[in-house]
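J.: Sharing a structure here in structure tokens format.
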Amino acid sequence: MIQNFLSDIISYSFLRNAILAAVLVSALTGIFSSVVVLRKIEFIGDGAAHATFGGIAFGLLLGTDYILMAAITAVVFAVAVSYFTRKNKLSESSVIGMLLPLSMSLGVIALSFVRGYTPDVMGLFFGNILMVTSDDVWMLLIANVIAWVFFAVFYRELLYYSYDEGMAKHYGVPIGFIHYAVLIGISLSVVSSVKIAGIILVTAFLVIPAVTSKTIARSFRGMILISLGMAVVASVMGIFVSYLLDMPPGPVIVVMLFMEFLITISLKALIRVRF
Amino acid sequence: MESEILCVENLSYRIGSHWILRDVSFNISRREFVGIIGPNGAGKTTLIKAIVGDLEDYSGKIVVSGKIGYLSQNPDRKRDFPIKVKEVAAMGLYGDRGILRPFRKSDWIRVDDLLRTVGILDLRDRKAGTLSGGEYQRLMLARALASDPELLILDEPEAGVDEMGKASFYRLLESLKNEKSIGILMVSHDIGMVFDACDTVMCINKTLHCHTDADKITAKELQSAFSSDLDFFIRSRDHFEREHHL
Ligand SMILES: Nc1ncnc2c1ncn2[C@@H]1O[C@H](COP(=O)(O)OP(=O)(O)OP(=O)(O)O)[C@@H](O)[C@H]1O
Ligand SMILES: [Mg+2]
């Protein structure tokens, strides 16, 4: 079983790329998940992914590269969310909840002007992990390196920003910079992952690992590392199980993430009962 | 004047047509321990927010000549947040290090000293959310003291602290004031304690009703600030009359 799996990994580059991509997507979104959950912006994955719909539609209308347009819209979305939350003291969830339908609607309006062939834009959001190219893998690798360096270098700032933004600002933490950087980072990660993993899986990676690790972590660093581990383990297990049982990988990974959550809280309850 | 750490001139603030603070002016010198009293909704927290820079669109002038340590009223506890007590205290040292300059060993020693000073050193590695209300308040004080402030601003710091804790709290503030010659501005509803511990008292209710030595304040001045405030008359009049033999 495992031998077959391993020999197939060696012989089929699509499977190799799929596993690499799954691990890289899970690590990229998993590392952000702690901040997402602690800041209570679980909605952001959905928001960023749907916001790019608008960008892609405008890309088609203008005849420009739609991946580039998706990236630009993701940044515009992140900046808009950051701006409205900081300037008008609205919660991130409220702003995301407004901008998501807005950009979807603008996208639909834009699409209605596209003459002739309109590709299935929504199809882009369901991702296909078995059609990953090595370019995708490289891009994800670079994105991972940037995200990791960001977390390593700005660990304290991220901690204080997530914990108590107001007092952190008072003590000189560059809250504005961290706020924009985090939201832009998450949005770009979502855009680069969605085409591969699909909206459902990406939002799952952005939320479930950190919800799980929050129940057991005793420090912010611990929470980030446990989330990362949970995300990567679930993606490898998910691909393996989907290979064995011939099921679609994305949904299996989501089920794995949720099982990790259930196992963690059950073990925690058990340990509490025992001691 | 050189010894002044804080000057507030004609500070006014309103929301819509509703005045929250009107024409407040005062100075605070180093080594002055000021107690701010006033009924709920009097504008005490608003005044403090203006001083620490959390308030926009006020009119008037505020000059602070030194570093501020700040303990805010009712901070959001975030009980399940994975942050350690020592990390919360170290937040106060962030400004001394700054971006891209991690804490050093000496900073963590300083954190231990601070936690010892406020009496919660044994909790240093606990999750901050698991602290009791009073323990957490001590942690907030440790953080406010971390950066060696020249002006310490405390908005109801004794909330939730037990009587013994309060007494040592005020002793600690007193010794800080004398040793490091810092100015302290403290909002409190514990009027008895304020008269005991503070050098000067400010009565605030929409505007500044008085700012005088704690033992020179008159009942009339107090009454004008509190006017019909029941809380004051029930809890503090007795104490006040005893103090001043009215
Ligand atoms: N953001 C706001 N919007 C509207 N009104 C506000 C706002 N902030 C404060 N106020 C009002 O300003 C007044 C002063 O509030 P402030 O918090 O300064 O009172 P306080 O003296 O600190 O009271 P307490 O003793 O209860 O802490 C109150 O009437 C309050 O309702
Ligand atoms: Mg107040």
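Just remember, in the structure tokens the first chain shown is A, the second B, etc., residues are 1-based per chain, and ligands are 1-based in the order shown.
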Distance cut-off 10 Å, counting only C-alpha atoms - which residues of chain B neighbour chain A? Return them as a ChimeraX atom specification.

T.: /B:52-54,68-72,75-78,80-84,87-88,90-103,125-128,143-144,147

J.: Mind writing the picked residues with N, CA, C and O atoms as a compact mmCIF listing (two decimals), in the first residue's frame?

T.:
# COMPACT_ATOMS: atom_id res chain seq x y z
N VAL B 52 -2.76 60.39 26.92
CA VAL B 52 -1.89 59.33 26.37
C VAL B 52 -1.93 59.28 24.84
O VAL B 52 -1.21 58.50 24.23
N GLY B 53 -2.79 60.09 24.23
CA GLY B 53 -2.79 60.15 22.77
C GLY B 53 -3.77 59.21 22.10
O GLY B 53 -3.65 58.93 20.92
N ASP B 54 -4.76 58.73 22.84
CA ASP B 54 -5.75 57.84 22.25
C ASP B 54 -7.01 58.56 21.79
O ASP B 54 -7.96 57.94 21.36
N ILE B 68 5.52 58.08 29.09
CA ILE B 68 4.31 57.76 29.83
C ILE B 68 4.18 56.26 30.04
O ILE B 68 4.39 55.48 29.12
N GLY B 69 3.86 55.86 31.25
CA GLY B 69 3.45 54.48 31.52
C GLY B 69 1.95 54.52 31.76
O GLY B 69 1.46 55.40 32.46
N TYR B 70 1.21 53.59 31.17
CA TYR B 70 -0.25 53.74 31.17
C TYR B 70 -0.93 52.42 31.52
O TYR B 70 -0.61 51.38 30.99
N LEU B 71 -1.84 52.52 32.46
CA LEU B 71 -2.69 51.37 32.81
C LEU B 71 -4.12 51.79 32.52
O LEU B 71 -4.63 52.74 33.11
N SER B 72 -4.76 51.10 31.56
CA SER B 72 -6.08 51.54 31.13
C SER B 72 -7.19 50.89 31.92
O SER B 72 -6.99 49.86 32.57
N PRO B 75 -9.24 46.67 30.71
CA PRO B 75 -8.66 46.15 29.47
C PRO B 75 -9.36 44.86 29.06
O PRO B 75 -9.92 44.17 29.90
N ASP B 76 -9.34 44.59 27.77
CA ASP B 76 -9.95 43.37 27.24
C ASP B 76 -9.07 42.18 27.67
O ASP B 76 -7.93 42.07 27.26
N ARG B 77 -9.62 41.29 28.50
CA ARG B 77 -8.78 40.24 29.08
C ARG B 77 -8.33 39.17 28.09
O ARG B 77 -7.30 38.54 28.29
N LYS B 78 -9.12 38.85 27.08
CA LYS B 78 -8.80 37.77 26.14
C LYS B 78 -8.29 36.55 26.89
O LYS B 78 -7.13 36.15 26.76
N ASP B 80 -8.49 33.36 26.67
CA ASP B 80 -7.92 32.14 26.07
C ASP B 80 -6.75 32.43 25.14
O ASP B 80 -6.33 31.58 24.38
N PHE B 81 -6.21 33.63 25.21
CA PHE B 81 -5.10 33.98 24.32
C PHE B 81 -3.80 33.35 24.83
O PHE B 81 -3.45 33.51 26.00
N PRO B 82 -3.06 32.64 23.96
CA PRO B 82 -1.83 32.02 24.43
C PRO B 82 -0.68 33.01 24.54
O PRO B 82 0.17 33.10 23.66
N ILE B 83 -0.66 33.76 25.61
CA ILE B 83 0.46 34.67 25.84
C ILE B 83 0.84 34.52 27.31
O ILE B 83 -0.03 34.37 28.17
N LYS B 84 2.15 34.54 27.58
CA LYS B 84 2.60 34.33 28.95
C LYS B 84 2.64 35.66 29.69
O LYS B 84 2.82 36.73 29.10
N GLU B 87 5.51 37.76 28.91
CA GLU B 87 5.46 38.42 27.60
C GLU B 87 4.58 39.67 27.64
O GLU B 87 4.86 40.66 26.97
N VAL B 88 3.51 39.60 28.44
CA VAL B 88 2.66 40.78 28.58
C VAL B 88 3.45 41.91 29.24
O VAL B 88 3.42 43.05 28.79
N ALA B 90 6.62 42.29 29.22
CA ALA B 90 7.70 42.73 28.33
C ALA B 90 7.21 43.68 27.25
O ALA B 90 8.00 44.43 26.67
N MET B 91 5.89 43.69 27.00
CA MET B 91 5.35 44.62 26.02
C MET B 91 5.74 46.05 26.38
O MET B 91 6.01 46.89 25.53
N GLY B 92 5.81 46.31 27.68
CA GLY B 92 6.18 47.64 28.15
C GLY B 92 7.60 48.02 27.77
O GLY B 92 7.96 49.20 27.77
N LEU B 93 8.44 47.01 27.48
CA LEU B 93 9.83 47.29 27.13
C LEU B 93 10.03 47.42 25.63
O LEU B 93 11.12 47.73 25.16
N TYR B 94 8.97 47.14 24.87
CA TYR B 94 9.11 47.11 23.41
C TYR B 94 9.68 48.42 22.86
O TYR B 94 10.58 48.43 22.04
N GLY B 95 9.15 49.52 23.37
CA GLY B 95 9.57 50.82 22.87
C GLY B 95 11.06 51.08 23.06
O GLY B 95 11.68 51.77 22.26
N ASP B 96 11.63 50.51 24.13
CA ASP B 96 13.07 50.71 24.37
C ASP B 96 13.92 49.94 23.37
O ASP B 96 15.03 50.34 23.03
N ARG B 97 13.40 48.81 22.89
CA ARG B 97 14.13 47.99 21.92
C ARG B 97 13.75 48.41 20.51
O ARG B 97 14.58 48.83 19.74
N GLY B 98 12.48 48.27 20.20
CA GLY B 98 12.00 48.66 18.89
C GLY B 98 12.04 47.52 17.90
O GLY B 98 12.51 46.41 18.19
N ILE B 99 11.57 47.84 16.71
CA ILE B 99 11.40 46.84 15.66
C ILE B 99 12.76 46.26 15.28
O ILE B 99 13.77 46.95 15.30
N LEU B 100 12.77 44.97 14.98
CA LEU B 100 13.97 44.24 14.55
C LEU B 100 15.04 44.14 15.63
O LEU B 100 16.18 43.74 15.35
N ARG B 101 14.72 44.53 16.86
CA ARG B 101 15.71 44.39 17.91
C ARG B 101 15.12 43.58 19.05
O ARG B 101 14.45 44.12 19.92
N PRO B 102 15.35 42.27 19.02
CA PRO B 102 14.71 41.38 19.98
C PRO B 102 15.10 41.69 21.42
O PRO B 102 16.12 42.35 21.68
N PHE B 103 14.28 41.21 22.34
CA PHE B 103 14.60 41.38 23.76
C PHE B 103 15.89 40.64 24.09
O PHE B 103 16.18 39.59 23.55
N ASP B 125 5.41 32.37 34.15
CA ASP B 125 5.25 31.53 32.97
C ASP B 125 3.82 31.05 32.75
O ASP B 125 3.57 30.23 31.89
N ARG B 126 2.91 31.57 33.55
CA ARG B 126 1.50 31.20 33.36
C ARG B 126 0.91 31.92 32.16
O ARG B 126 1.39 32.95 31.72
N LYS B 127 -0.19 31.33 31.62
CA LYS B 127 -0.92 32.01 30.57
C LYS B 127 -1.60 33.22 31.20
O LYS B 127 -2.27 33.08 32.24
N ALA B 128 -1.45 34.39 30.61
CA ALA B 128 -1.95 35.61 31.25
C ALA B 128 -3.45 35.53 31.50
O ALA B 128 -3.95 36.08 32.48
N ARG B 143 3.57 46.19 33.65
CA ARG B 143 3.79 46.60 32.26
C ARG B 143 3.90 48.13 32.15
O ARG B 143 4.74 48.65 31.43
N ALA B 144 3.04 48.81 32.92
CA ALA B 144 3.07 50.27 32.87
C ALA B 144 4.40 50.81 33.41
O ALA B 144 4.88 51.84 32.97
N SER B 147 8.83 50.58 31.21
CA SER B 147 9.70 51.45 30.42
C SER B 147 10.28 52.59 31.24
O SER B 147 10.75 53.56 30.66

J.: For A:Ser266, list every protein, DNA or RNA residue within 12 Å, evaluated using only C-alpha atoms, and leave out those in the same chain fewer than 6 positions away; present the list as a ChimeraX atom specification.

T.: /A:212,215-216,259-260,272-273

J.: Go through chain B and flag each residue having an atom no more than 9 Å from ligand 2; for those, report the closest pair of atoms plus their distance in Å to one decimal, using only C-alpha atoms and all ligand atoms, ordered by chain and rising number, as a tab-separated table.

T.:
residue	atom	partner	partner_atom_place_in_ligand_line	distance
B:Asn40	CA	ligand 2	1 (Mg)	7.0
B:Gly41	CA	ligand 2	1 (Mg)	7.0
B:Ala42	CA	ligand 2	1 (Mg)	8.0
B:Gly43	CA	ligand 2	1 (Mg)	7.0
B:Lys44	CA	ligand 2	1 (Mg)	5.5
B:Thr45	CA	ligand 2	1 (Mg)	4.0
B:Thr46	CA	ligand 2	1 (Mg)	7.3
B:Ile48	CA	ligand 2	1 (Mg)	8.7
B:Ser72	CA	ligand 2	1 (Mg)	8.7
B:Gln73	CA	ligand 2	1 (Mg)	6.2
B:Asn74	CA	ligand 2	1 (Mg)	8.6
B:Asp155	CA	ligand 2	1 (Mg)	6.6
B:Glu156	CA	ligand 2	1 (Mg)	7.4
B:Val187	CA	ligand 2	1 (Mg)	7.7
B:Ser188	CA	ligand 2	1 (Mg)	8.8

J.: Suppose we keep C-alpha atoms; can you now write the selection as an mmCIF file, in the first residue's frame?

T.:
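See result_8.cif below for the written result:
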data_model
loop_
_atom_site.group_PDB
_atom_site.id
_atom_site.type_symbol
_atom_site.label_atom_id
_atom_site.label_comp_id
_atom_site.auth_asym_id
_atom_site.auth_seq_id
_atom_site.Cartn_x
_atom_site.Cartn_y
_atom_site.Cartn_z
ATOM 1 C CA ASN B 40 -19.187 57.812 36.748
ATOM 2 C CA GLY B 41 -19.302 59.413 33.338
ATOM 3 C CA ALA B 42 -17.513 62.529 34.571
ATOM 4 C CA GLY B 43 -14.928 62.360 31.795
ATOM 5 C CA LYS B 44 -11.957 61.019 33.751
ATOM 6 C CA THR B 45 -11.113 58.280 31.288
ATOM 7 C CA THR B 46 -11.641 60.700 28.418
ATOM 8 C CA ILE B 48 -6.621 60.318 30.318
ATOM 9 C CA SER B 72 -6.080 51.543 31.128
ATOM 10 C CA GLN B 73 -9.517 50.984 32.607
ATOM 11 C CA ASN B 74 -11.134 47.584 31.930
ATOM 12 C CA ASP B 155 -7.082 54.546 35.349
ATOM 13 C CA GLU B 156 -8.658 52.758 38.306
ATOM 14 C CA VAL B 187 -8.093 57.873 38.696
ATOM 15 C CA SER B 188 -9.847 56.145 41.540
#

J.: Within 12 Å of ligand 1, counting only C-alpha atoms and all ligand atoms: which residues, as a ChimeraX atom specification?

T.: /A:89 /B:12-22,36-50,54-56,72-74,154-157,159,186-190,203-208,225-226,229,231-232

J.: Would you mind listing what lies within 12 Å of stretch 163-167 of chain B as a ChimeraX atom specification, with only C-alpha atoms counted and same-chain residues fewer than 6 positions away left out?

T.: /B:118-120,133-135,137-138,156-157,173-174,188,190,192-194,196-197

J.: For A:Tyr12, which residue out of A:Leu130, A:Ile208, A:Leu90, A:Val36 is the nearest one, using only C-alpha atoms?

T.: A:Leu130

J.: List as a PyMOL selection string the protein and nucleic acid residues near A:Gly59, meaning an atom at most 10 Å away when only C-alpha atoms are counted, but skip any in the same chain fewer than 4 places from it.

T.: chain A and resi 53-55+63-70+107+110-111
